[in-house]
$ cat data29.cif   # mmCIF, C-alpha atoms
data_final
loop_
_atom_site.group_PDB
_atom_site.id
_atom_site.type_symbol
_atom_site.label_atom_id
_atom_site.label_comp_id
_atom_site.auth_asym_id
_atom_site.auth_seq_id
_atom_site.Cartn_x
_atom_site.Cartn_y
_atom_site.Cartn_z
ATOM 1 C CA MET A 448 38.104 -6.192 295.245
ATOM 2 C CA SER A 449 37.677 -4.057 298.352
ATOM 3 C CA LYS A 450 38.293 -5.316 301.861
ATOM 4 C CA ILE A 451 35.703 -4.563 304.543
ATOM 5 C CA LEU A 452 35.831 -4.760 308.330
ATOM 6 C CA PHE A 453 32.199 -4.994 309.456
ATOM 7 C CA ILE A 454 31.583 -4.427 313.183
ATOM 8 C CA SER A 455 28.028 -5.032 314.379
ATOM 9 C CA ALA A 456 26.370 -4.418 317.755
ATOM 10 C CA HIS A 457 23.782 -7.105 316.957
ATOM 11 C CA THR A 458 23.887 -10.240 314.850
ATOM 12 C CA PRO A 459 23.093 -9.718 311.159
ATOM 13 C CA THR A 460 20.567 -12.472 310.453
ATOM 14 C CA TYR A 461 17.109 -13.131 309.056
ATOM 15 C CA LYS A 462 16.651 -15.903 311.622
ATOM 16 C CA TYR A 463 16.021 -13.526 314.528
ATOM 17 C CA PRO A 464 12.546 -11.945 314.824
ATOM 18 C CA GLN A 465 13.561 -8.286 315.178
ATOM 19 C CA ALA A 466 13.779 -6.045 312.113
ATOM 20 C CA GLY A 467 17.165 -4.501 312.953
ATOM 21 C CA GLN A 468 19.035 -7.768 312.562
ATOM 22 C CA LYS A 469 17.450 -8.256 309.121
ATOM 23 C CA ILE A 470 18.494 -4.750 308.054
ATOM 24 C CA ALA A 471 22.024 -5.490 309.236
ATOM 25 C CA PHE A 472 22.046 -8.709 307.202
ATOM 26 C CA ASN A 473 20.901 -6.799 304.102
ATOM 27 C CA HIS A 474 23.748 -4.314 304.494
ATOM 28 C CA LEU A 475 26.246 -7.129 304.913
ATOM 29 C CA GLN A 476 24.823 -8.939 301.903
ATOM 30 C CA GLU A 477 25.244 -5.797 299.774
ATOM 31 C CA TYR A 478 28.977 -5.955 300.392
ATOM 32 C CA ALA A 479 29.097 -9.711 299.815
ATOM 33 C CA ASN A 480 27.162 -9.446 296.538
ATOM 34 C CA SER A 481 29.730 -6.917 295.309
ATOM 35 C CA ASN A 482 32.454 -9.539 295.912
ATOM 36 C CA HIS A 483 34.074 -7.595 298.705
ATOM 37 C CA LYS A 484 36.254 -9.557 301.126
ATOM 38 C CA ILE A 485 34.683 -9.212 304.567
ATOM 39 C CA ASP A 486 35.866 -9.728 308.125
ATOM 40 C CA ILE A 487 33.031 -9.379 310.618
ATOM 41 C CA LEU A 488 32.989 -8.868 314.382
ATOM 42 C CA VAL A 489 29.659 -9.434 316.105
ATOM 43 C CA ILE A 490 29.059 -8.269 319.686
ATOM 44 C CA ALA A 491 25.629 -9.611 320.605
ATOM 45 C CA ASN A 492 23.533 -11.754 322.911
ATOM 46 C CA GLN A 493 24.122 -15.489 322.648
ATOM 47 C CA THR A 494 20.529 -16.127 321.551
ATOM 48 C CA GLU A 495 21.068 -13.931 318.489
ATOM 49 C CA ILE A 496 24.351 -15.630 317.677
ATOM 50 C CA ASP A 497 22.842 -19.111 317.997
ATOM 51 C CA THR A 498 20.188 -18.384 315.362
ATOM 52 C CA ALA A 499 22.518 -16.957 312.725
ATOM 53 C CA SER A 500 23.012 -19.941 310.423
ATOM 54 C CA ASP A 501 22.405 -17.681 307.415
ATOM 55 C CA LEU A 502 25.283 -15.422 308.471
ATOM 56 C CA ILE A 503 27.621 -18.406 308.637
ATOM 57 C CA ASP A 504 26.362 -19.605 305.245
ATOM 58 C CA LEU A 505 26.957 -16.145 303.746
ATOM 59 C CA LEU A 506 30.535 -15.655 304.900
ATOM 60 C CA ASN A 507 31.581 -19.167 305.934
ATOM 61 C CA ASN A 508 34.638 -17.876 307.775
ATOM 62 C CA ASN A 509 36.283 -14.665 308.972
ATOM 63 C CA ILE A 510 33.504 -14.269 311.558
ATOM 64 C CA TYR A 511 34.400 -13.321 315.123
ATOM 65 C CA PHE A 512 31.605 -13.710 317.678
ATOM 66 C CA TYR A 513 31.691 -11.996 321.077
ATOM 67 C CA PRO A 514 28.695 -13.129 323.159
ATOM 68 C CA LEU A 515 27.237 -10.670 325.664
ATOM 69 C CA THR A 516 25.683 -11.410 329.041
ATOM 70 C CA LYS A 517 24.037 -9.091 331.547
ATOM 71 C CA ILE A 518 27.097 -9.390 333.774
ATOM 72 C CA LYS A 519 29.430 -8.415 330.921
ATOM 73 C CA LYS A 520 27.262 -5.421 330.067
ATOM 74 C CA ILE A 521 27.177 -4.196 333.673
ATOM 75 C CA SER A 522 30.920 -4.735 334.032
ATOM 76 C CA SER A 523 31.608 -2.756 330.859
ATOM 77 C CA CYS A 524 29.386 0.103 331.994
ATOM 78 C CA LEU A 525 31.207 0.296 335.324
ATOM 79 C CA LYS A 526 34.624 0.081 333.673
ATOM 80 C CA HIS A 527 33.812 2.646 330.987
ATOM 81 C CA TYR A 528 31.753 4.995 333.146
ATOM 82 C CA ASN A 529 32.846 7.969 331.012
ATOM 83 C CA ILE A 530 31.016 6.518 327.978
ATOM 84 C CA PRO A 531 27.208 6.650 327.620
ATOM 85 C CA LEU A 532 25.613 3.404 328.794
ATOM 86 C CA LYS A 533 24.305 2.262 325.405
ATOM 87 C CA PHE A 534 27.804 2.468 323.951
ATOM 88 C CA ALA A 535 29.633 1.142 327.009
ATOM 89 C CA THR A 536 27.749 -2.183 326.836
ATOM 90 C CA ARG A 537 29.564 -2.957 323.567
ATOM 91 C CA SER A 538 33.013 -1.867 324.735
ATOM 92 C CA GLN A 539 34.819 -5.170 325.250
ATOM 93 C CA SER A 540 38.587 -5.481 325.689
ATOM 94 C CA LYS A 541 38.745 -8.694 323.631
ATOM 95 C CA VAL A 542 37.103 -6.909 320.726
ATOM 96 C CA SER A 543 39.616 -4.052 320.953
ATOM 97 C CA VAL A 544 42.476 -6.538 320.853
ATOM 98 C CA GLN A 545 40.995 -8.325 317.825
ATOM 99 C CA ILE A 546 40.403 -5.051 315.970
ATOM 100 C CA THR A 547 43.981 -3.965 316.619
ATOM 101 C CA GLU A 548 45.303 -7.289 315.361
ATOM 102 C CA LEU A 549 43.168 -7.240 312.215
ATOM 103 C CA ILE A 550 44.088 -3.678 311.284
ATOM 104 C CA SER A 551 47.776 -4.361 311.889
ATOM 105 C CA THR A 552 47.698 -7.230 309.377
ATOM 106 C CA ASN A 553 45.163 -5.908 306.830
ATOM 107 C CA THR A 554 44.512 -2.694 304.928
ATOM 108 C CA TYR A 555 40.759 -2.183 304.884
ATOM 109 C CA ASP A 556 39.066 0.006 302.297
ATOM 110 C CA ILE A 557 36.008 0.408 304.525
ATOM 111 C CA ILE A 558 35.404 -0.063 308.222
ATOM 112 C CA HIS A 559 31.659 -0.326 308.665
ATOM 113 C CA PHE A 560 29.890 0.043 312.024
ATOM 114 C CA GLU A 561 26.412 -1.480 312.030
ATOM 115 C CA TYR A 562 24.335 0.341 314.684
ATOM 116 C CA SER A 563 25.586 3.542 316.287
ATOM 117 C CA HIS A 564 26.810 1.821 319.447
ATOM 118 C CA ALA A 565 29.156 -0.381 317.413
ATOM 119 C CA ALA A 566 31.075 2.852 316.751
ATOM 120 C CA VAL A 567 32.312 2.818 320.335
ATOM 121 C CA TYR A 568 35.499 1.506 318.645
ATOM 122 C CA LEU A 569 35.786 4.441 316.240
ATOM 123 C CA GLU A 570 38.302 6.369 318.346
ATOM 124 C CA LEU A 571 40.537 3.292 318.649
ATOM 125 C CA ILE A 572 40.335 2.664 314.915
ATOM 126 C CA GLN A 573 41.046 6.274 313.953
ATOM 127 C CA ALA A 574 44.404 5.944 315.708
ATOM 128 C CA LEU A 575 45.260 2.766 313.769
ATOM 129 C CA ILE A 576 44.211 3.505 310.170
ATOM 130 C CA ASN A 577 45.466 5.702 307.371
ATOM 131 C CA PRO A 578 42.441 7.950 306.732
ATOM 132 C CA GLU A 579 43.480 8.393 303.096
ATOM 133 C CA LEU A 580 43.164 4.642 302.508
ATOM 134 C CA THR A 581 40.318 3.631 304.822
ATOM 135 C CA LYS A 582 36.811 5.086 304.927
ATOM 136 C CA THR A 583 34.627 4.762 308.038
ATOM 137 C CA VAL A 584 30.865 4.234 307.774
ATOM 138 C CA ILE A 585 28.229 4.182 310.519
ATOM 139 C CA SER A 586 24.867 2.595 309.747
ATOM 140 C CA ILE A 587 22.444 4.298 312.150
ATOM 141 C CA HIS A 588 19.364 2.251 313.002
ATOM 142 C CA ASP A 589 18.189 4.623 315.705
ATOM 143 C CA ILE A 590 19.427 8.027 316.869
ATOM 144 C CA ILE A 591 19.985 7.132 320.504
ATOM 145 C CA THR A 592 19.727 10.689 321.841
ATOM 146 C CA GLN A 593 16.261 10.967 320.330
ATOM 147 C CA SER A 594 15.175 7.704 321.977
ATOM 148 C CA LEU A 595 16.381 8.930 325.373
ATOM 149 C CA LEU A 596 14.710 12.318 324.989
ATOM 150 C CA ARG A 597 11.358 10.597 324.494
ATOM 151 C CA LYS A 598 11.830 8.794 327.804
ATOM 152 C CA THR A 599 12.838 11.912 329.762
ATOM 153 C CA VAL A 600 9.180 12.989 329.719
ATOM 154 C CA ASN A 601 8.541 10.449 332.476
ATOM 155 C CA ASN A 602 12.060 10.232 333.929
ATOM 156 C CA SER A 603 14.011 13.470 334.348
ATOM 157 C CA ILE A 604 17.131 11.610 335.534
ATOM 158 C CA LEU A 605 17.528 10.282 332.000
ATOM 159 C CA GLY A 606 18.153 13.873 330.915
ATOM 160 C CA ILE A 607 21.740 13.560 332.181
ATOM 161 C CA GLU A 608 22.285 10.410 330.143
ATOM 162 C CA ALA A 609 20.646 12.063 327.114
ATOM 163 C CA ALA A 610 23.108 14.960 327.351
ATOM 164 C CA ARG A 611 26.084 12.580 327.616
ATOM 165 C CA THR A 612 24.786 10.577 324.680
ATOM 166 C CA PHE A 613 24.218 13.689 322.565
ATOM 167 C CA ASN A 614 27.826 14.786 323.047
ATOM 168 C CA TYR A 615 29.118 11.303 322.243
ATOM 169 C CA GLU A 616 26.912 10.843 319.180
ATOM 170 C CA THR A 617 27.897 14.273 317.876
ATOM 171 C CA LYS A 618 31.557 13.311 318.126
ATOM 172 C CA ILE A 619 31.265 9.993 316.272
ATOM 173 C CA TYR A 620 28.886 11.290 313.593
ATOM 174 C CA LEU A 621 31.183 14.204 312.782
ATOM 175 C CA THR A 622 34.259 11.949 312.808
ATOM 176 C CA ALA A 623 32.994 9.165 310.514
ATOM 177 C CA ASN A 624 33.360 9.646 306.759
ATOM 178 C CA HIS A 625 29.855 8.521 305.888
ATOM 179 C CA LEU A 626 26.540 7.848 307.631
ATOM 180 C CA TRP A 627 23.683 5.597 306.548
ATOM 181 C CA VAL A 628 20.195 6.304 307.864
ATOM 182 C CA LEU A 629 16.851 4.609 307.296
ATOM 183 C CA SER A 630 14.734 7.687 306.562
ATOM 184 C CA GLN A 631 14.812 11.297 305.420
ATOM 185 C CA LYS A 632 13.577 12.251 308.898
ATOM 186 C CA ASP A 633 16.741 10.817 310.469
ATOM 187 C CA LYS A 634 18.867 12.668 307.922
ATOM 188 C CA ASP A 635 17.109 15.913 308.835
ATOM 189 C CA ILE A 636 17.787 15.304 312.533
ATOM 190 C CA LEU A 637 21.477 14.680 311.864
ATOM 191 C CA THR A 638 21.859 17.847 309.832
ATOM 192 C CA SER A 639 19.870 20.083 312.188
ATOM 193 C CA LEU A 640 20.590 18.700 315.666
ATOM 194 C CA PHE A 641 24.126 17.330 315.124
ATOM 195 C CA SER A 642 25.294 19.755 312.398
ATOM 196 C CA VAL A 643 26.346 16.907 310.102
ATOM 197 C CA SER A 644 26.882 17.845 306.474
ATOM 198 C CA PRO A 645 24.078 16.412 304.317
ATOM 199 C CA ASN A 646 26.701 15.384 301.751
ATOM 200 C CA LYS A 647 28.009 12.655 304.047
ATOM 201 C CA ILE A 648 24.589 11.086 304.743
ATOM 202 C CA SER A 649 22.897 8.423 302.605
ATOM 203 C CA VAL A 650 19.241 7.490 303.090
ATOM 204 C CA LYS A 651 18.855 3.725 302.724
ATOM 205 C CA PRO A 652 15.243 2.705 303.470
ATOM 206 C CA PRO A 653 14.891 -0.874 304.744
ATOM 207 C CA LYS A 654 13.688 -3.500 302.303
ATOM 208 C CA LEU A 655 10.112 -4.596 302.806
#
$ encode --input "data29.cif" --output "structure tokens"
Amino acid sequence: MSKILFISAHTPTYKYPQAGQKIAFNHLQEYANSNHKIDILVIANQTEIDTASDLIDLLNNNIYFYPLTKIKKISSCLKHYNIPLKFATRSQSKVSVQITELISTNTYDIIHFEYSHAAVYLELIQALINPELTKTVISIHDIITQSLLRKTVNNSILGIEAARTFNYETKIYLTANHLWVLSQKDKDILTSLFSVSPNKISVKPPKL
């Protein structure tokens, strides 16, 4: 039985109307159905957390919730000004402390980041794990640089943030052991734009 640390930037649940949370729940359920032991950290808005009765039913315990507010997001962005904004919103000191404590008392086979911006903790984790024993996985719902580039058409200032995000995404995608994407198009972007080896990318289309 493998042990998984699952870190999510939104709440995995079918009870919330957006598709991303359902995809996250499916990924979590894949691990659970394979009888893996799972610890999960969720950094999300309180409204998402409040709806997630199915998540609690699935895992029952070993769930750590970290509710976000607008004030917390702004504070994190100001504190971690060197990190792109999308990632900085999820950088919470309490989460870092909990991750450190969990890794110091457990040997995880996989540390899974659900959503790219959950991987804001990848650098911390790389310093704590034995890379020969623990594999890191990032499940990419959206390539954030691409989203920002679309918006720069009408807002040139976002070009600076897009450049910062590109550098940050390149770093985490090259560092992680494995990447999950939702489409072949996203895989092609990772291999061409970010120079990621195609051998470390799995295409996992969302369930209908």
$ residues_around --input "data29.cif" --residues "Val650 in chain A" --least-positions-apart "2" --cutoff "7 Å" --atoms "all atoms listed in the file" --output "list in words"
Trp627, Val628, Leu629, Ser630, Gln631, Ile648 and Pro652 of chain A
$ write_last_selection --input "data29.cif" --atoms "C-alpha atoms" --output "compact mmCIF listing (two decimals), in the coordinates of the input"
# COMPACT_ATOMS: atom_id res chain seq x y z
CA TRP A 627 23.68 5.60 306.55
CA VAL A 628 20.20 6.30 307.86
CA LEU A 629 16.85 4.61 307.30
CA SER A 630 14.73 7.69 306.56
CA GLN A 631 14.81 11.30 305.42
CA ILE A 648 24.59 11.09 304.74
CA PRO A 652 15.24 2.70 303.47
$ resolve_selection --input "data29.cif" --expression "the PyMOL selection byres ((chain A and resi 485) around 10)" --output "list in words"
Ser449, Lys450, Ile451, Leu452, Phe453, Leu475, Tyr478, Ala479, Asn482, His483, Lys484, Asp486, Ile487, Leu488, Leu506, Asn508, Asn509, Ile510, Tyr555, Ile557 and Ile558 of chain A
$ resolve_selection --input "data29.cif" --expression "the PyMOL selection byres ((chain A and resi 471) around 8)" --output "ChimeraX atom specification"
/A:455,458-460,467-470,472-475,561
$ residues_near_point --input "data29.cif" --point "(25.3, 12.7, 321.1)" --cutoff "10 Å" --atoms "all atoms listed in the file" --output "list in words"
Pro531, Ile590, Ile591, Thr592, Gln593, Glu608, Ala609, Ala610, Arg611, Thr612, Phe613, Asn614, Tyr615, Glu616, Thr617, Lys618, Ile619, Tyr620, Leu640 and Phe641 of chain A
$ residues_around --input "data29.cif" --residues "range 535-547 of chain A" --least-positions-apart "3" --cutoff "8 Å" --atoms "only C-alpha atoms" --output "PDB file with C-alpha atoms, in the coordinates of the input"
ATOM      1  CA  ALA A 456      26.370  -4.418 317.755  1.00  0.00           C
ATOM      2  CA  LEU A 488      32.989  -8.868 314.382  1.00  0.00           C
ATOM      3  CA  ILE A 490      29.059  -8.269 319.686  1.00  0.00           C
ATOM      4  CA  TYR A 513      31.691 -11.996 321.077  1.00  0.00           C
ATOM      5  CA  LYS A 519      29.430  -8.415 330.921  1.00  0.00           C
ATOM      6  CA  LYS A 520      27.262  -5.421 330.067  1.00  0.00           C
ATOM      7  CA  ILE A 521      27.177  -4.196 333.673  1.00  0.00           C
ATOM      8  CA  SER A 523      31.608  -2.756 330.859  1.00  0.00           C
ATOM      9  CA  CYS A 524      29.386   0.103 331.994  1.00  0.00           C
ATOM     10  CA  HIS A 527      33.812   2.646 330.987  1.00  0.00           C
ATOM     11  CA  TYR A 528      31.753   4.995 333.146  1.00  0.00           C
ATOM     12  CA  ILE A 530      31.016   6.518 327.978  1.00  0.00           C
ATOM     13  CA  PRO A 531      27.208   6.650 327.620  1.00  0.00           C
ATOM     14  CA  LEU A 532      25.613   3.404 328.794  1.00  0.00           C
ATOM     15  CA  ILE A 550      44.088  -3.678 311.284  1.00  0.00           C
ATOM     16  CA  SER A 551      47.776  -4.361 311.889  1.00  0.00           C
ATOM     17  CA  HIS A 564      26.810   1.821 319.447  1.00  0.00           C
ATOM     18  CA  ALA A 565      29.156  -0.381 317.413  1.00  0.00           C
ATOM     19  CA  VAL A 567      32.312   2.818 320.335  1.00  0.00           C
ATOM     20  CA  TYR A 568      35.499   1.506 318.645  1.00  0.00           C
ATOM     21  CA  LEU A 571      40.537   3.292 318.649  1.00  0.00           C
ATOM     22  CA  ILE A 572      40.335   2.664 314.915  1.00  0.00           C
ATOM     23  CA  LEU A 575      45.260   2.766 313.769  1.00  0.00           C
TER      24      LEU A 575
END
$ atom_distance --input "data29.cif" --atom1 "CA of Tyr562 in chain A" --atom2 "CA of Lys517 in chain A"
19.3 Å
$ atom_distance --input "data29.cif" --atom1 "CA of Ala566 in chain A" --atom2 "CA of Tyr461 in chain A"
22.6 Å
$ atom_distance --input "data29.cif" --atom1 "CA of Leu605 in chain A" --atom2 "CA of Lys533 in chain A"
12.4 Å
$ resolve_selection --input "data29.cif" --expression "the PyMOL selection byres ((chain A and resi 579-584) around 6)" --output "list of chain:residue names"
A:Tyr555, A:Asp556, A:Ile557, A:Ile558, A:His559, A:Asn577, A:Pro578, A:Ile585, A:Ala623, A:Asn624, A:His625, A:Leu626
$ closest_residue --input "data29.cif" --among "A:Ser500, A:Ser644, A:Thr494, A:Gln465" --to "Leu515 in chain A" --atoms "only C-alpha atoms"
A:Thr494
$ axis_aligned_box --input "data29.cif" --around "range 519-529 of chain A" --padding-each-side "8 Å" --output "AutoDock Vina command-line options"
--center_x 30.9 --center_y -0.2 --center_z 332.7 --size_x 23.4 --size_y 32.4 --size_z 21.3
$ closest_residue --input "data29.cif" --among "A:Ser586, A:Thr498, A:Ser563, A:Ser642" --to "Pro464 in chain A" --atoms "all atoms listed in the file"
A:Thr498
$ build_atoms --input "data29.cif" --residues "range 484-499 of chain A" --atoms "N, CA, C and O atoms" --output "PDB file, in the frame of the given file"
ATOM      1  N   LYS A 484      35.759  -8.629 300.102  1.00  0.00           N
ATOM      2  CA  LYS A 484      36.254  -9.557 301.126  1.00  0.00           C
ATOM      3  C   LYS A 484      35.913  -8.959 302.483  1.00  0.00           C
ATOM      4  O   LYS A 484      36.245  -7.806 302.752  1.00  0.00           O
ATOM      5  N   ILE A 485      35.248  -9.749 303.319  1.00  0.00           N
ATOM      6  CA  ILE A 485      34.683  -9.212 304.567  1.00  0.00           C
ATOM      7  C   ILE A 485      35.204  -9.977 305.786  1.00  0.00           C
ATOM      8  O   ILE A 485      35.180 -11.204 305.821  1.00  0.00           O
ATOM      9  N   ASP A 486      35.670  -9.218 306.770  1.00  0.00           N
ATOM     10  CA  ASP A 486      35.866  -9.728 308.125  1.00  0.00           C
ATOM     11  C   ASP A 486      34.769  -9.109 308.981  1.00  0.00           C
ATOM     12  O   ASP A 486      34.508  -7.906 308.876  1.00  0.00           O
ATOM     13  N   ILE A 487      34.128  -9.907 309.808  1.00  0.00           N
ATOM     14  CA  ILE A 487      33.031  -9.379 310.618  1.00  0.00           C
ATOM     15  C   ILE A 487      33.217  -9.715 312.089  1.00  0.00           C
ATOM     16  O   ILE A 487      33.561 -10.845 312.452  1.00  0.00           O
ATOM     17  N   LEU A 488      33.004  -8.697 312.931  1.00  0.00           N
ATOM     18  CA  LEU A 488      32.989  -8.868 314.382  1.00  0.00           C
ATOM     19  C   LEU A 488      31.574  -8.602 314.867  1.00  0.00           C
ATOM     20  O   LEU A 488      31.000  -7.549 314.558  1.00  0.00           O
ATOM     21  N   VAL A 489      31.030  -9.543 315.606  1.00  0.00           N
ATOM     22  CA  VAL A 489      29.659  -9.434 316.105  1.00  0.00           C
ATOM     23  C   VAL A 489      29.688  -9.438 317.627  1.00  0.00           C
ATOM     24  O   VAL A 489      30.183 -10.384 318.245  1.00  0.00           O
ATOM     25  N   ILE A 490      29.155  -8.378 318.227  1.00  0.00           N
ATOM     26  CA  ILE A 490      29.059  -8.269 319.686  1.00  0.00           C
ATOM     27  C   ILE A 490      27.577  -8.304 320.017  1.00  0.00           C
ATOM     28  O   ILE A 490      26.868  -7.303 319.833  1.00  0.00           O
ATOM     29  N   ALA A 491      27.081  -9.452 320.473  1.00  0.00           N
ATOM     30  CA  ALA A 491      25.629  -9.611 320.605  1.00  0.00           C
ATOM     31  C   ALA A 491      25.290 -10.672 321.640  1.00  0.00           C
ATOM     32  O   ALA A 491      26.155 -11.425 322.087  1.00  0.00           O
ATOM     33  N   ASN A 492      24.006 -10.732 321.984  1.00  0.00           N
ATOM     34  CA  ASN A 492      23.533 -11.754 322.911  1.00  0.00           C
ATOM     35  C   ASN A 492      23.672 -13.146 322.290  1.00  0.00           C
ATOM     36  O   ASN A 492      23.541 -13.312 321.067  1.00  0.00           O
ATOM     37  N   GLN A 493      23.895 -14.127 323.126  1.00  0.00           N
ATOM     38  CA  GLN A 493      24.122 -15.489 322.648  1.00  0.00           C
ATOM     39  C   GLN A 493      22.927 -16.015 321.865  1.00  0.00           C
ATOM     40  O   GLN A 493      23.093 -16.745 320.879  1.00  0.00           O
ATOM     41  N   THR A 494      21.717 -15.633 322.261  1.00  0.00           N
ATOM     42  CA  THR A 494      20.529 -16.127 321.551  1.00  0.00           C
ATOM     43  C   THR A 494      20.517 -15.657 320.099  1.00  0.00           C
ATOM     44  O   THR A 494      20.104 -16.399 319.201  1.00  0.00           O
ATOM     45  N   GLU A 495      20.962 -14.426 319.860  1.00  0.00           N
ATOM     46  CA  GLU A 495      21.068 -13.931 318.489  1.00  0.00           C
ATOM     47  C   GLU A 495      22.112 -14.729 317.711  1.00  0.00           C
ATOM     48  O   GLU A 495      21.890 -15.124 316.567  1.00  0.00           O
ATOM     49  N   ILE A 496      23.243 -14.930 318.332  1.00  0.00           N
ATOM     50  CA  ILE A 496      24.351 -15.630 317.677  1.00  0.00           C
ATOM     51  C   ILE A 496      23.941 -17.055 317.307  1.00  0.00           C
ATOM     52  O   ILE A 496      24.242 -17.547 316.212  1.00  0.00           O
ATOM     53  N   ASP A 497      23.228 -17.711 318.218  1.00  0.00           N
ATOM     54  CA  ASP A 497      22.842 -19.111 317.997  1.00  0.00           C
ATOM     55  C   ASP A 497      21.915 -19.288 316.803  1.00  0.00           C
ATOM     56  O   ASP A 497      21.873 -20.362 316.203  1.00  0.00           O
ATOM     57  N   THR A 498      21.157 -18.253 316.459  1.00  0.00           N
ATOM     58  CA  THR A 498      20.188 -18.384 315.362  1.00  0.00           C
ATOM     59  C   THR A 498      20.804 -18.126 313.988  1.00  0.00           C
ATOM     60  O   THR A 498      20.185 -18.454 312.968  1.00  0.00           O
ATOM     61  N   ALA A 499      22.005 -17.578 313.953  1.00  0.00           N
ATOM     62  CA  ALA A 499      22.518 -16.957 312.725  1.00  0.00           C
ATOM     63  C   ALA A 499      23.167 -17.940 311.752  1.00  0.00           C
ATOM     64  O   ALA A 499      24.282 -17.709 311.278  1.00  0.00           O
TER      65      ALA A 499
END
